[in-house]
$ cat run-v3.cif   # mmCIF, C-alpha atoms and all ligand atoms
data_final
loop_
_atom_site.label_atom_id
_atom_site.label_comp_id
_atom_site.auth_asym_id
_atom_site.auth_seq_id
_atom_site.Cartn_x
_atom_site.Cartn_y
_atom_site.Cartn_z
CA MET A 1 -24.76 -1.98 -0.09
CA TYR A 2 -24.55 -4.71 2.55
CA LEU A 3 -24.38 -3.24 6.05
CA ALA A 4 -23.00 -5.31 8.88
CA PRO A 5 -25.44 -5.50 11.82
CA MET A 6 -24.93 -3.10 14.72
CA GLU A 7 -23.45 -5.35 17.36
CA TYR A 8 -21.88 -3.06 19.88
CA GLU A 9 -22.32 0.11 21.85
CA THR A 10 -19.01 1.67 20.76
CA SER A 11 -17.08 3.52 23.42
CA ILE A 12 -14.05 5.78 23.07
CA GLY A 13 -11.36 6.02 25.75
CA THR A 14 -7.69 5.91 26.61
CA ALA A 15 -7.68 2.60 28.52
CA VAL A 16 -5.03 0.35 26.98
CA ASP A 17 -6.13 -2.56 29.20
CA ARG A 18 -9.71 -2.34 27.90
CA ALA A 19 -8.45 -2.39 24.32
CA ALA A 20 -6.29 -5.39 25.22
CA ASP A 21 -9.29 -7.20 26.78
CA TRP A 22 -11.45 -6.80 23.69
CA LEU A 23 -8.62 -7.84 21.37
CA SER A 24 -7.90 -10.91 23.51
CA LYS A 25 -11.57 -11.88 23.17
CA GLY A 26 -11.24 -11.79 19.39
CA ALA A 27 -12.96 -8.43 18.79
CA CYS A 28 -11.75 -5.57 16.56
CA VAL A 29 -10.65 -2.31 18.19
CA GLY A 30 -9.89 1.12 16.70
CA VAL A 31 -6.28 2.03 17.54
CA PRO A 32 -4.20 5.18 17.11
CA THR A 33 -0.98 5.07 15.14
CA GLU A 34 1.29 7.98 14.24
CA THR A 35 0.05 7.79 10.62
CA VAL A 36 -3.73 7.13 10.65
CA TYR A 37 -6.08 5.18 12.93
CA GLY A 38 -6.13 1.43 12.42
CA LEU A 39 -8.83 -1.19 12.83
CA ALA A 40 -6.96 -3.87 14.74
CA ALA A 41 -7.46 -7.55 15.50
CA ASN A 42 -5.33 -10.52 16.57
CA ALA A 43 -3.30 -11.23 13.43
CA LEU A 44 -2.91 -14.91 14.37
CA ASP A 45 -6.66 -15.52 14.76
CA GLU A 46 -8.42 -15.93 11.44
CA ALA A 47 -11.88 -15.45 12.93
CA ALA A 48 -10.82 -12.13 14.45
CA VAL A 49 -9.20 -11.00 11.19
CA LEU A 50 -12.41 -11.83 9.30
CA LYS A 51 -14.20 -9.27 11.45
CA ILE A 52 -11.89 -6.55 10.13
CA PHE A 53 -12.89 -7.36 6.56
CA GLU A 54 -16.57 -7.36 7.57
CA ALA A 55 -16.49 -4.08 9.49
CA LYS A 56 -14.63 -2.34 6.64
CA GLN A 57 -16.52 -4.07 3.82
CA ARG A 58 -13.06 -4.80 2.48
CA PRO A 59 -12.51 -7.40 -0.26
CA HIS A 60 -10.45 -10.40 0.84
CA PHE A 61 -7.92 -9.87 -1.95
CA ASP A 62 -6.58 -6.77 -0.19
CA PRO A 63 -3.89 -7.86 2.31
CA LEU A 64 -3.44 -6.39 5.80
CA ILE A 65 -0.37 -4.97 7.52
CA VAL A 66 0.82 -6.72 10.70
CA HIS A 67 1.87 -4.43 13.56
CA VAL A 68 4.51 -5.51 16.07
CA ALA A 69 6.28 -3.77 18.96
CA ASP A 70 9.88 -4.10 17.79
CA LYS A 71 12.39 -5.70 15.44
CA ALA A 72 12.67 -8.85 17.54
CA ALA A 73 8.92 -9.40 17.18
CA ALA A 74 9.19 -8.81 13.42
CA GLU A 75 11.65 -11.69 13.21
CA GLN A 76 9.13 -14.04 14.85
CA PHE A 77 6.79 -13.78 11.88
CA THR A 78 9.13 -13.64 8.90
CA THR A 79 11.61 -16.12 7.43
CA THR A 80 14.44 -14.10 5.91
CA ILE A 81 15.05 -10.39 6.27
CA PRO A 82 17.29 -8.66 3.68
CA GLU A 83 20.23 -6.78 5.20
CA LYS A 84 18.87 -3.50 3.87
CA ALA A 85 15.47 -4.16 5.46
CA LYS A 86 17.21 -4.66 8.81
CA LYS A 87 19.05 -1.42 8.23
CA LEU A 88 15.81 0.42 7.47
CA PHE A 89 14.08 -0.96 10.56
CA THR A 90 17.07 -0.02 12.71
CA ALA A 91 17.13 3.51 11.33
CA PHE A 92 13.40 4.25 11.18
CA SER A 93 11.51 2.10 13.64
CA PRO A 94 9.33 2.67 15.40
CA GLY A 95 8.00 4.87 12.60
CA PRO A 96 5.82 5.23 9.49
CA LEU A 97 7.43 2.38 7.54
CA THR A 98 6.02 -0.99 6.41
CA ILE A 99 8.33 -3.62 4.94
CA LEU A 100 7.05 -6.58 2.89
CA LEU A 101 8.89 -9.71 4.04
CA PRO A 102 8.55 -13.47 3.42
CA LYS A 103 6.02 -14.71 5.97
CA LYS A 104 6.07 -17.65 8.32
CA LYS A 105 3.13 -20.09 8.24
CA ILE A 106 1.84 -18.80 11.57
CA ILE A 107 0.49 -15.71 9.76
CA PRO A 108 -2.88 -16.81 8.30
CA ASP A 109 -3.29 -16.61 4.52
CA LEU A 110 -6.33 -14.40 5.07
CA VAL A 111 -4.03 -11.67 6.43
CA THR A 112 -1.84 -11.65 3.30
CA SER A 113 -4.55 -12.53 0.76
CA GLY A 114 -2.58 -15.66 -0.04
CA LEU A 115 0.67 -13.80 -0.81
CA ASP A 116 3.86 -15.27 0.60
CA THR A 117 4.96 -11.90 1.96
CA VAL A 118 3.58 -10.05 4.97
CA GLY A 119 3.69 -6.29 5.54
CA ILE A 120 5.41 -5.68 8.89
CA ARG A 121 5.14 -2.34 10.65
CA ILE A 122 6.50 -1.12 13.98
CA PRO A 123 4.26 1.82 14.87
CA ALA A 124 5.49 4.72 16.98
CA HIS A 125 2.34 5.84 18.79
CA PRO A 126 2.98 5.40 22.55
CA LEU A 127 -0.50 3.98 23.31
CA LEU A 128 -0.24 1.41 20.54
CA GLN A 129 3.30 0.55 21.63
CA GLN A 130 1.96 -0.09 25.15
CA LEU A 131 -0.84 -2.20 23.76
CA LEU A 132 1.48 -4.31 21.58
CA ARG A 133 3.74 -4.94 24.58
CA ILE A 134 0.83 -6.19 26.70
CA LEU A 135 -0.59 -8.50 24.03
CA PRO A 136 0.84 -11.96 23.36
CA PHE A 137 0.01 -11.61 19.63
CA PRO A 138 0.65 -9.08 16.80
CA LEU A 139 -2.12 -6.87 15.41
CA ALA A 140 -3.37 -6.95 11.85
CA ALA A 141 -4.71 -3.49 11.09
CA PRO A 142 -5.78 -1.66 7.98
CA SER A 143 -6.78 1.98 8.19
CA ALA A 144 -10.05 2.24 10.15
CA ASN A 145 -12.26 3.52 7.34
CA PRO A 146 -14.89 1.82 5.19
CA PHE A 147 -13.11 0.36 2.15
CA GLY A 148 -12.17 3.04 -0.39
CA TYR A 149 -13.02 6.02 1.84
CA ILE A 150 -10.70 8.60 3.41
CA SER A 151 -8.51 7.28 6.25
CA PRO A 152 -9.30 8.51 9.79
CA THR A 153 -6.86 10.71 11.67
CA THR A 154 -8.89 11.16 14.87
CA ALA A 155 -10.92 8.82 17.10
CA ALA A 156 -14.02 10.83 16.16
CA HIS A 157 -13.44 10.00 12.47
CA VAL A 158 -13.38 6.30 13.36
CA TYR A 159 -16.51 6.63 15.50
CA ALA A 160 -18.39 8.45 12.73
CA GLN A 161 -18.04 5.47 10.43
CA LEU A 162 -17.59 2.33 12.50
CA GLN A 163 -19.89 3.14 15.41
CA GLY A 164 -21.88 0.03 16.35
CA LYS A 165 -19.51 -2.31 14.53
CA ILE A 166 -16.67 -2.31 17.08
CA PRO A 167 -16.75 -2.25 20.90
CA TYR A 168 -13.91 0.17 21.58
CA ILE A 169 -11.79 2.93 20.08
CA LEU A 170 -8.51 3.70 21.83
CA ASP A 171 -8.17 7.47 21.63
CA GLY A 172 -4.62 8.65 21.07
CA GLY A 173 -5.44 12.14 19.82
CA ALA A 174 -4.92 13.45 16.30
CA CYS A 175 -2.34 11.50 14.27
CA ALA A 176 1.04 13.22 14.10
CA VAL A 177 1.92 12.17 10.54
CA GLY A 178 -1.51 12.10 8.88
CA VAL A 179 -0.82 9.86 5.86
CA GLU A 180 -0.22 6.11 5.90
CA SER A 181 3.15 4.39 6.24
CA THR A 182 5.59 4.11 3.36
CA ILE A 183 5.54 0.56 1.96
CA ILE A 184 8.85 -0.95 0.87
CA GLY A 185 9.34 -4.41 -0.64
CA PHE A 186 12.51 -6.18 -1.76
CA ASP A 187 13.76 -8.03 -4.80
CA GLY A 188 16.81 -9.63 -3.22
CA GLU A 189 18.62 -6.63 -1.74
CA GLN A 190 16.92 -4.15 -4.09
CA PRO A 191 14.38 -1.99 -2.23
CA ILE A 192 11.15 -1.20 -4.09
CA LEU A 193 8.72 1.57 -3.14
CA TYR A 194 5.10 0.38 -3.39
CA ARG A 195 3.36 3.20 -1.55
CA PRO A 196 4.81 6.62 -0.71
CA GLY A 197 3.94 7.55 2.86
CA GLY A 198 5.01 9.14 6.09
CA LEU A 199 8.68 8.24 5.72
CA SER A 200 10.19 10.08 2.75
CA LEU A 201 11.89 8.43 -0.20
CA GLU A 202 14.88 10.71 0.40
CA GLN A 203 15.30 9.32 3.92
CA ILE A 204 14.98 5.74 2.69
CA GLU A 205 17.51 6.22 -0.11
CA ALA A 206 19.97 7.90 2.25
CA CYS A 207 19.86 4.74 4.36
CA ALA A 208 19.42 1.90 1.84
CA GLY A 209 20.61 3.30 -1.49
CA PRO A 210 18.61 3.76 -4.71
CA VAL A 211 14.98 2.58 -4.57
CA LEU A 212 12.96 1.28 -7.52
CA ILE A 213 9.58 2.98 -7.80
CA SER A 214 6.56 0.75 -8.35
CA THR A 215 3.67 2.93 -7.26
CA GLU A 216 1.60 2.92 -10.46
CA PRO A 217 -1.81 2.17 -8.96
CA GLY A 218 -3.25 -1.23 -9.74
CA SER A 219 -0.44 -2.20 -12.09
CA HIS A 220 1.67 -4.54 -10.01
CA PRO A 221 0.73 -7.99 -8.80
CA ALA A 222 2.90 -7.69 -5.66
CA ALA A 223 0.35 -5.33 -4.17
CA PRO A 224 -3.12 -6.44 -5.23
CA GLY A 225 -4.75 -4.06 -2.81
CA MET A 226 -3.11 -0.89 -3.94
CA LEU A 227 -6.11 -0.02 -6.00
CA LYS A 228 -6.24 3.06 -8.10
CA SER A 229 -9.40 4.51 -6.64
CA HIS A 230 -8.86 4.92 -2.92
CA TYR A 231 -8.79 7.43 -0.10
CA ALA A 232 -11.73 9.00 -1.89
CA PRO A 233 -14.37 11.43 -0.71
CA ARG A 234 -17.91 10.87 -2.03
CA LYS A 235 -17.76 14.13 -3.91
CA LYS A 236 -15.95 14.41 -7.19
CA LEU A 237 -12.29 15.34 -6.78
CA ASN A 238 -10.10 16.55 -9.66
CA TRP A 239 -6.74 18.18 -10.09
CA PHE A 240 -6.96 21.94 -10.39
CA THR A 241 -5.70 23.34 -13.69
CA ASN A 242 -5.73 26.92 -14.93
CA ASN A 243 -8.52 26.22 -17.41
CA ALA A 244 -10.66 24.18 -14.97
CA ALA A 245 -14.35 25.07 -15.03
CA LEU A 246 -15.10 26.38 -11.55
CA THR A 247 -18.44 27.13 -9.93
CA PRO A 248 -19.17 28.97 -6.67
CA ARG A 249 -19.56 25.48 -5.18
CA THR A 250 -16.05 24.31 -6.10
CA ALA A 251 -13.63 23.95 -3.18
CA ILE A 252 -9.91 24.05 -3.85
CA ILE A 253 -7.33 22.32 -1.66
CA GLY A 254 -3.94 24.03 -1.88
CA PHE A 255 -0.60 24.02 -0.11
CA ASP A 256 0.68 27.42 1.06
CA HIS A 257 -0.71 30.11 -1.23
CA TYR A 258 -4.02 31.01 -2.81
CA VAL A 259 -4.64 30.64 -6.55
CA PRO A 260 -4.94 34.26 -7.71
CA GLY A 261 -8.30 35.41 -9.04
CA ILE A 262 -10.40 32.87 -7.12
CA ALA A 263 -12.40 33.73 -3.99
CA LYS A 264 -10.48 32.82 -0.83
CA GLU A 265 -13.66 31.37 0.73
CA ASN A 266 -13.39 28.58 -1.82
CA GLN A 267 -9.75 27.82 -1.07
CA PHE A 268 -8.41 25.64 1.73
CA LEU A 269 -4.69 25.91 2.37
CA LEU A 270 -3.20 22.94 4.22
CA SER A 271 -0.18 24.90 5.44
CA PRO A 272 0.05 28.66 4.88
CA ALA A 273 3.51 28.42 6.50
CA GLY A 274 4.68 26.10 3.70
CA ASP A 275 5.31 23.06 5.91
CA LEU A 276 4.63 19.80 4.05
CA GLN A 277 4.46 17.82 7.31
CA GLU A 278 1.67 20.09 8.53
CA ALA A 279 -0.10 19.74 5.18
CA ALA A 280 0.05 15.93 5.42
CA ARG A 281 -1.25 16.03 8.98
CA ARG A 282 -4.31 18.05 7.88
CA LEU A 283 -5.00 16.47 4.48
CA PHE A 284 -7.55 13.77 5.36
CA ALA A 285 -9.42 15.89 7.95
CA VAL A 286 -9.86 18.68 5.40
CA MET A 287 -11.03 16.19 2.74
CA ARG A 288 -13.62 14.89 5.21
CA GLU A 289 -14.79 18.40 6.10
CA LEU A 290 -15.20 19.31 2.46
CA ASP A 291 -17.03 16.07 1.79
CA ALA A 292 -19.52 16.99 4.54
CA SER A 293 -19.79 20.65 3.45
CA THR A 294 -22.12 22.37 0.98
CA PHE A 295 -19.39 22.47 -1.66
CA GLU A 296 -20.30 20.27 -4.59
CA GLU A 297 -16.91 19.36 -5.96
CA ILE A 298 -13.31 19.46 -4.82
CA MET A 299 -10.17 20.36 -6.77
CA ALA A 300 -6.61 20.00 -5.58
CA VAL A 301 -3.51 21.90 -6.61
CA PRO A 302 -0.56 19.46 -6.91
CA PHE A 303 1.89 19.64 -3.99
CA PRO A 304 5.69 19.90 -4.29
CA ALA A 305 6.83 16.34 -5.10
CA THR A 306 9.45 16.21 -2.39
CA GLY A 307 9.52 14.64 1.08
CA ILE A 308 6.04 13.77 2.30
CA GLY A 309 4.63 15.78 -0.65
CA LEU A 310 4.98 12.59 -2.70
CA ALA A 311 2.50 10.84 -0.39
CA ILE A 312 0.12 13.82 -0.42
CA ASN A 313 0.04 13.81 -4.24
CA ASP A 314 -0.40 10.03 -4.29
CA ARG A 315 -3.47 10.19 -2.01
CA LEU A 316 -4.98 13.06 -4.00
CA ARG A 317 -4.35 11.21 -7.27
CA ARG A 318 -6.06 8.08 -5.96
CA ALA A 319 -8.95 10.15 -4.61
CA ALA A 320 -9.31 11.73 -8.04
CA SER A 321 -9.42 8.40 -9.80
CA GLU A 322 -12.83 7.04 -10.69
CA GLU A 323 -11.75 3.50 -11.55
O1 LIG A 401 0.09 3.64 8.15
C1 LIG A 401 -0.41 2.56 7.82
O2 LIG A 401 0.20 1.74 7.12
C2 LIG A 401 -1.81 2.25 8.32
C3 LIG A 401 -1.78 2.14 9.85
C4 LIG A 401 -3.10 1.71 10.43
O3 LIG A 401 -0.75 1.26 10.22
N1 LIG A 401 -2.33 1.07 7.72
C5 LIG A 401 -2.72 1.01 6.43
O4 LIG A 401 -3.29 -0.20 6.07
O5 LIG A 401 -2.62 1.93 5.66
P1 LIG A 401 -4.19 -0.39 4.77
O6 LIG A 401 -4.67 -1.77 4.85
O7 LIG A 401 -5.18 0.68 4.69
O8 LIG A 401 -3.16 -0.28 3.60
C6 LIG A 401 -2.18 -1.29 3.47
C7 LIG A 401 -1.75 -1.46 2.06
C8 LIG A 401 -2.84 -2.03 1.19
O9 LIG A 401 -2.91 -1.29 0.02
C9 LIG A 401 -2.37 -3.45 0.91
O10 LIG A 401 -2.72 -3.88 -0.35
C10 LIG A 401 -0.87 -3.34 1.06
O11 LIG A 401 -0.68 -2.39 2.06
N2 LIG A 401 -0.27 -4.59 1.51
C11 LIG A 401 -0.40 -5.18 2.72
N3 LIG A 401 0.26 -6.35 2.75
C12 LIG A 401 0.83 -6.51 1.54
C13 LIG A 401 1.64 -7.52 0.93
N4 LIG A 401 2.01 -8.61 1.58
N5 LIG A 401 2.03 -7.33 -0.34
C14 LIG A 401 1.67 -6.23 -1.01
N6 LIG A 401 0.90 -5.24 -0.50
C15 LIG A 401 0.48 -5.37 0.75
MG MG A 402 -6.36 2.07 3.91
#
$ encode --input "run-v3.cif" --output "structure tokens"
Amino acid sequence: MYLAPMEYETSIGTAVDRAADWLSKGACVGVPTETVYGLAANALDEAAVLKIFEAKQRPHFDPLIVHVADKAAAEQFTTTIPEKAKKLFTAFSPGPLTILLPKKKIIPDLVTSGLDTVGIRIPAHPLLQQLLRILPFPLAAPSANPFGYISPTTAAHVYAQLQGKIPYILDGGACAVGVESTIIGFDGEQPILYRPGGLSLEQIEACAGPVLISTEPGSHPAAPGMLKSHYAPRKKLNWFTNNAALTPRTAIIGFDHYVPGIAKENQFLLSPAGDLQEAARRLFAVMRELDASTFEEIMAVPFPATGIGLAINDRLRRAASEE
């Protein structure tokens, strides 16, 4: 594997002005969002955006989301916004929602992998909001993990993997949502779900009416980067089934109750209280811990497919995929 040279002594802190300085100089900075940490750069500067792809070892065919402070800023970078997209932004921004919209030329093709739409997101984290309001440009930011690996939900996760490759990580604490934003595109006024995420499908449908589902990994050209194998630990991850062959070195990720007949030491419940939001918040950290543990393989019990449970199952399914 090609490893980018260590260029920086990476520091972690809460200084928004330091983050802004580095970004203004064209560097990449780790930033907190309410969903997962991002690896940000000036979205209007192709040379800066290239550094994101290098640091992440991300293929150029996988487009980046552009983060802006508010709806007015979103309008600066897009041509036409469907009425229902405006409605969704009004109802749920800032928040864990990304909307694919026709882009203006000012957004470099590198950001969108040549697509004529750009993913626009208005993040809710107060430090990132402050940062976006200081900067005279929007921030392109994918999740701050090496391509294909589990997304980071703390500054320490970012440091563990991107140390030396970026000068600064803005520390905003543990992410409140824990899974990435929900991605919605449009065919005219018809909303389409491309990635389930922090904002639930139920909430979106209550606001914008019925949504078409297009989340089959890797099957739709509108989202070339939504690859099947993603969010994956290095260890093998499979769905748990009743006839699964377990060993003492199998770890099981579950929701709120233990699978009967299996040692509790092997089982990791994401929310004994049965709260799907809490489970989502803990998902990636627990996957990382298990990846670093002496367990040899990981199995996951499917979560209730409601609310943010849809996003949890999606991430587990992609982690389980070997393609
Ligand atoms: O919560 C989030 O969305 C986080 C935080 C950092 O904001 N970001 C994030 O970015 O998850 P990333 O790059 O890890 O995932 C973005 C996904 C990719 O699968 C990419 O293919 C898709 O969004 N995407 C971005 N722009 C697109 C576009 N114009 N058309 C289709 N898919 C797009
Ligand atoms: Mg990602």
$ residues_near_ligand --input "run-v3.cif" --ligand "ligand LIG 401 (chain A)" --cutoff "8 Å" --atoms "only C-alpha atoms and all ligand atoms" --output "PyMOL selection string"
chain A and resi 31-39+62-67+96-98+100-101+111-113+115-119+121+123+141-144+151+179-183+185+194-195+197-198+222-227
$ write_last_selection --input "run-v3.cif" --atoms "C-alpha atoms" --output "mmCIF file, keeping the file's coordinate frame"
data_model
loop_
_atom_site.group_PDB
_atom_site.id
_atom_site.type_symbol
_atom_site.label_atom_id
_atom_site.label_comp_id
_atom_site.auth_asym_id
_atom_site.auth_seq_id
_atom_site.Cartn_x
_atom_site.Cartn_y
_atom_site.Cartn_z
ATOM 1 C CA VAL A 31 -6.280 2.030 17.540
ATOM 2 C CA PRO A 32 -4.200 5.180 17.110
ATOM 3 C CA THR A 33 -0.980 5.070 15.140
ATOM 4 C CA GLU A 34 1.290 7.980 14.240
ATOM 5 C CA THR A 35 0.050 7.790 10.620
ATOM 6 C CA VAL A 36 -3.730 7.130 10.650
ATOM 7 C CA TYR A 37 -6.080 5.180 12.930
ATOM 8 C CA GLY A 38 -6.130 1.430 12.420
ATOM 9 C CA LEU A 39 -8.830 -1.190 12.830
ATOM 10 C CA ASP A 62 -6.580 -6.770 -0.190
ATOM 11 C CA PRO A 63 -3.890 -7.860 2.310
ATOM 12 C CA LEU A 64 -3.440 -6.390 5.800
ATOM 13 C CA ILE A 65 -0.370 -4.970 7.520
ATOM 14 C CA VAL A 66 0.820 -6.720 10.700
ATOM 15 C CA HIS A 67 1.870 -4.430 13.560
ATOM 16 C CA PRO A 96 5.820 5.230 9.490
ATOM 17 C CA LEU A 97 7.430 2.380 7.540
ATOM 18 C CA THR A 98 6.020 -0.990 6.410
ATOM 19 C CA LEU A 100 7.050 -6.580 2.890
ATOM 20 C CA LEU A 101 8.890 -9.710 4.040
ATOM 21 C CA VAL A 111 -4.030 -11.670 6.430
ATOM 22 C CA THR A 112 -1.840 -11.650 3.300
ATOM 23 C CA SER A 113 -4.550 -12.530 0.760
ATOM 24 C CA LEU A 115 0.670 -13.800 -0.810
ATOM 25 C CA ASP A 116 3.860 -15.270 0.600
ATOM 26 C CA THR A 117 4.960 -11.900 1.960
ATOM 27 C CA VAL A 118 3.580 -10.050 4.970
ATOM 28 C CA GLY A 119 3.690 -6.290 5.540
ATOM 29 C CA ARG A 121 5.140 -2.340 10.650
ATOM 30 C CA PRO A 123 4.260 1.820 14.870
ATOM 31 C CA ALA A 141 -4.710 -3.490 11.090
ATOM 32 C CA PRO A 142 -5.780 -1.660 7.980
ATOM 33 C CA SER A 143 -6.780 1.980 8.190
ATOM 34 C CA ALA A 144 -10.050 2.240 10.150
ATOM 35 C CA SER A 151 -8.510 7.280 6.250
ATOM 36 C CA VAL A 179 -0.820 9.860 5.860
ATOM 37 C CA GLU A 180 -0.220 6.110 5.900
ATOM 38 C CA SER A 181 3.150 4.390 6.240
ATOM 39 C CA THR A 182 5.590 4.110 3.360
ATOM 40 C CA ILE A 183 5.540 0.560 1.960
ATOM 41 C CA GLY A 185 9.340 -4.410 -0.640
ATOM 42 C CA TYR A 194 5.100 0.380 -3.390
ATOM 43 C CA ARG A 195 3.360 3.200 -1.550
ATOM 44 C CA GLY A 197 3.940 7.550 2.860
ATOM 45 C CA GLY A 198 5.010 9.140 6.090
ATOM 46 C CA ALA A 222 2.900 -7.690 -5.660
ATOM 47 C CA ALA A 223 0.350 -5.330 -4.170
ATOM 48 C CA PRO A 224 -3.120 -6.440 -5.230
ATOM 49 C CA GLY A 225 -4.750 -4.060 -2.810
ATOM 50 C CA MET A 226 -3.110 -0.890 -3.940
ATOM 51 C CA LEU A 227 -6.110 -0.020 -6.000
#
$ atom_distance --input "run-v3.cif" --atom1 "CA of Pro304 in chain A" --atom2 "CA of Arg317 in chain A"
13.6 Å
$ atom_distance --input "run-v3.cif" --atom1 "CA of Gly188 in chain A" --atom2 "CA of Ala206 in chain A"
18.6 Å
$ closest_residue --input "run-v3.cif" --among "A:Asn145, A:Thr80, A:Thr10, A:Asn42" --to "ligand MG 402 (chain A)" --atoms "all atoms listed in the file"
A:Asn145
$ closest_residue --input "run-v3.cif" --among "A:Ala156, A:Leu270, A:Ala320, A:Ile150" --to "ligand MG 402 (chain A)" --atoms "all atoms listed in the file"
A:Ile150
$ closest_residue --input "run-v3.cif" --among "A:Ile169, A:Phe255, A:Ala74, A:Glu289" --to "Ala273 in chain A" --atoms "only C-alpha atoms"
A:Phe255
$ residues_around --input "run-v3.cif" --residues "Ile262 in chain A" --least-positions-apart "5" --cutoff "12 Å" --atoms "only C-alpha atoms" --output "PDB file with C-alpha atoms, in the coordinates of the input"
ATOM      1  CA  PHE A 240      -6.960  21.940 -10.390  1.00  0.00           C
ATOM      2  CA  ASN A 242      -5.730  26.920 -14.930  1.00  0.00           C
ATOM      3  CA  ALA A 244     -10.660  24.180 -14.970  1.00  0.00           C
ATOM      4  CA  ALA A 245     -14.350  25.070 -15.030  1.00  0.00           C
ATOM      5  CA  LEU A 246     -15.100  26.380 -11.550  1.00  0.00           C
ATOM      6  CA  THR A 247     -18.440  27.130  -9.930  1.00  0.00           C
ATOM      7  CA  PRO A 248     -19.170  28.970  -6.670  1.00  0.00           C
ATOM      8  CA  ARG A 249     -19.560  25.480  -5.180  1.00  0.00           C
ATOM      9  CA  THR A 250     -16.050  24.310  -6.100  1.00  0.00           C
ATOM     10  CA  ALA A 251     -13.630  23.950  -3.180  1.00  0.00           C
ATOM     11  CA  ILE A 252      -9.910  24.050  -3.850  1.00  0.00           C
ATOM     12  CA  HIS A 257      -0.710  30.110  -1.230  1.00  0.00           C
ATOM     13  CA  GLN A 267      -9.750  27.820  -1.070  1.00  0.00           C
ATOM     14  CA  PHE A 268      -8.410  25.640   1.730  1.00  0.00           C
TER      15      PHE A 268
END
